[in-house]
Amino acid sequence: EEAVTHVDSVQTKRKRSQKQVNLSAIDLFKPFTDDLKSRQQQEEETTRNCNALKEQERKFEAKMVEANNLLRKRFRIHVCGHNIPPPLNNFEELRSLYSCKLYLLKNMENFGFREPTPVQRQVIPAMLSGRECFACAPTGSGKTLAFALPILMKLKSSREDGVRSVVLCPTRELAKQITLEFKLLSKGRKFRIRLMTKALSRCADFLHLPCDILVSTPLRLDYVLKHSRIDLSKVEYLVLDESDKLFELGFVEQIDSVVNACTNPQILRTLFSAT
């Protein structure tokens with residue numbers, strides 16, 4: 001009996017020892033499991049925060065899209081395309097959103113430009129965003145400012161490395177008006193804005209004549225191109241104003257000549273029409 005009792009006591013001690021070993025093993029892994037749970041909770045919280053932030057951004061974007069559509073509807077602006085920049089609420093946004101120089105805003109105010117017209121509200125942001133566009137608006141709706149302002153904003157200052165912007169229009173009278181508006185807007189800056197007159201087209205060598213912005217009719221510019229006295233490879237902006245009349249009057253061949261000469265891969269082309 002004593003032998004049996006001794007064996008039982010030994011077995012009991014072994015079981016107790018095994019329990020203690022198992023308990024100690026569990027205690028050793030507990031910090032790791034707690035840390036894992038903590039990390040999982042942090043990841044879940046981060047995911048929830050990210051999802052909430054994305055939802056807020058989605059709602060904000062939806063509100064902005066709705067506000068832009070309401071603004072377009074109010075001013076009867078019809079657009080077509082993808083990711084179209086929002087229209088301007090006012091000219092002050094040119095300063096806050098597009099870093100417009102103060103001299104341009106001051107010149108616009110001095111010459112009576114208080115509120116943007118519908119075509120200006122949409123075309124100016126489009127050109128400042130580097131988008132090519134075709135704009136249709138009636139005569140007297142402010143199309144000249146719609147392309148002149150973003151061109152001056154983007155060119156920033158005068159340079160002597162060739163013609164940087166070309167504006168084609170169907171008549172000499174319109175060319176004079178556009179040139180005058182460019183000069184009024186750029187008052188206070190030394191932009192070289194030139195009107196292609198008959199004398200200039202026959203005598204001037206534009207390869208050595210500094211010019212930032214050139215305003216011309218298709219025939220006169222084509223004449224200078226044919227005599228190899230102008231380089232349009234650095235033109236950054238090409239504008240066809242009153243493009244409907246340009247094509248109606250049969251200037252397709254001359255326009256093709258100008259377009260082919262403007263070989264800058266970064267060029268931005270814009271067409272304006274009254275119909």
# chains A, B, ... in the order shown; residues from 1 in each chain; ligands from 1
>>> select_by_dssp(residues="stretch 42-182 of chain A", states="helix (DSSP H, G or I)", output="number ranges by chain")
A: 42-74, 92-98, 102-110, 118-128, 143-155, 172-182
>>> residues_around(residues="stretch 186-193 of chain A", least_positions_apart="3", cutoff="9 Å", atoms="only C-alpha atoms", output="count of residues only")
18
>>> closest_residue(among="A:Phe134, A:Tyr237, A:Tyr223, A:Phe251", to="A:His78", atoms="only C-alpha atoms")
A:Phe134
>>> select_by_dssp(residues="stretch 28-256 of chain A", states="strand (DSSP E)", output="list in words")
Cys133, Phe134, Ala135, Cys136, Ser165, Val166, Val167, Leu168, Ile193, Arg194, Leu195, Ile213, Leu214, Val215, Ser216, Tyr237, Leu238, Val239 and Leu240 of chain A
>>> residues_around(residues="stretch 61-71 of chain A", least_positions_apart="4", cutoff="8 Å", atoms="only C-alpha atoms", output="list in words")
Glu57, Phe75, Pro86, Pro87 and Asn89 of chain A
>>> residues_around(residues="stretch 138-148 of chain A", least_positions_apart="4", cutoff="6 Å", atoms="only C-alpha atoms", output="PyMOL selection string")
chain A and resi 120+123-124+274
>>> residues_around(residues="A:Asp222", least_positions_apart="4", cutoff="8 Å", atoms="only C-alpha atoms", output="MDAnalysis selection string")
chainID A and resid 218 226 254:255 257:258
>>> write_last_selection(atoms="N, CA, C and O atoms", output="PDB file, in the first residue's frame")
ATOM      1  N   PRO A 218      -4.523  85.328 -92.222  1.00  0.00           N
ATOM      2  CA  PRO A 218      -3.829  84.157 -92.779  1.00  0.00           C
ATOM      3  C   PRO A 218      -2.959  84.468 -93.997  1.00  0.00           C
ATOM      4  O   PRO A 218      -1.856  83.934 -94.126  1.00  0.00           O
ATOM      5  N   LYS A 226       6.230  81.675 -96.590  1.00  0.00           N
ATOM      6  CA  LYS A 226       6.728  81.228 -97.898  1.00  0.00           C
ATOM      7  C   LYS A 226       8.086  81.836 -98.231  1.00  0.00           C
ATOM      8  O   LYS A 226       8.874  81.240 -98.989  1.00  0.00           O
ATOM      9  N   GLN A 254      -4.010  78.469 -96.304  1.00  0.00           N
ATOM     10  CA  GLN A 254      -3.104  79.311 -95.528  1.00  0.00           C
ATOM     11  C   GLN A 254      -3.074  78.877 -94.054  1.00  0.00           C
ATOM     12  O   GLN A 254      -2.018  78.893 -93.409  1.00  0.00           O
ATOM     13  N   ILE A 255      -4.240  78.500 -93.538  1.00  0.00           N
ATOM     14  CA  ILE A 255      -4.300  78.036 -92.149  1.00  0.00           C
ATOM     15  C   ILE A 255      -3.495  76.747 -91.993  1.00  0.00           C
ATOM     16  O   ILE A 255      -2.748  76.577 -91.022  1.00  0.00           O
ATOM     17  N   SER A 257      -0.944  75.901 -93.683  1.00  0.00           N
ATOM     18  CA  SER A 257       0.468  76.291 -93.737  1.00  0.00           C
ATOM     19  C   SER A 257       0.960  76.763 -92.375  1.00  0.00           C
ATOM     20  O   SER A 257       2.049  76.382 -91.925  1.00  0.00           O
ATOM     21  N   VAL A 258       0.142  77.567 -91.692  1.00  0.00           N
ATOM     22  CA  VAL A 258       0.519  78.075 -90.370  1.00  0.00           C
ATOM     23  C   VAL A 258       0.544  76.942 -89.343  1.00  0.00           C
ATOM     24  O   VAL A 258       1.493  76.827 -88.549  1.00  0.00           O
TER      25      VAL A 258
END
>>> closest_residue(among="A:Lys234, A:Arg269, A:Arg76, A:His82", to="A:Leu168", atoms="only C-alpha atoms")
A:Arg269
>>> atom_distance(atom1="atom CA of A:Leu221", atom2="atom CA of A:Leu128")
26.3 Å
>>> residues_around(residues="A:Arg202", least_positions_apart="6", cutoff="10 Å", atoms="only C-alpha atoms", output="list in words")
Met196, Arg220, Tyr223, Val224, His227 and Arg229 of chain A
>>> write_last_selection(atoms="C-alpha atoms", output="PDB file, in the first residue's frame")
ATOM      1  CA  MET A 196       1.212  91.939 -89.107  1.00  0.00           C
ATOM      2  CA  ARG A 220      -0.069  87.899 -94.646  1.00  0.00           C
ATOM      3  CA  TYR A 223       3.303  85.190 -97.303  1.00  0.00           C
ATOM      4  CA  VAL A 224       6.050  85.604 -94.672  1.00  0.00           C
ATOM      5  CA  HIS A 227       9.663  83.650 -97.917  1.00  0.00           C
ATOM      6  CA  ARG A 229      11.403  84.990 -92.799  1.00  0.00           C
TER       7      ARG A 229
END
>>> closest_residue(among="A:Arg48, A:Lys54, A:Lys154, A:Arg194", to="A:Leu209", atoms="only C-alpha atoms")
A:Arg194
>>> atom_distance(atom1="atom CA of A:Pro170", atom2="atom CA of A:Leu155")
24.5 Å
>>> closest_residue(among="A:Glu43, A:Asp35, A:Asp244, A:Asp161", to="A:Phe272", atoms="only C-alpha atoms")
A:Asp244
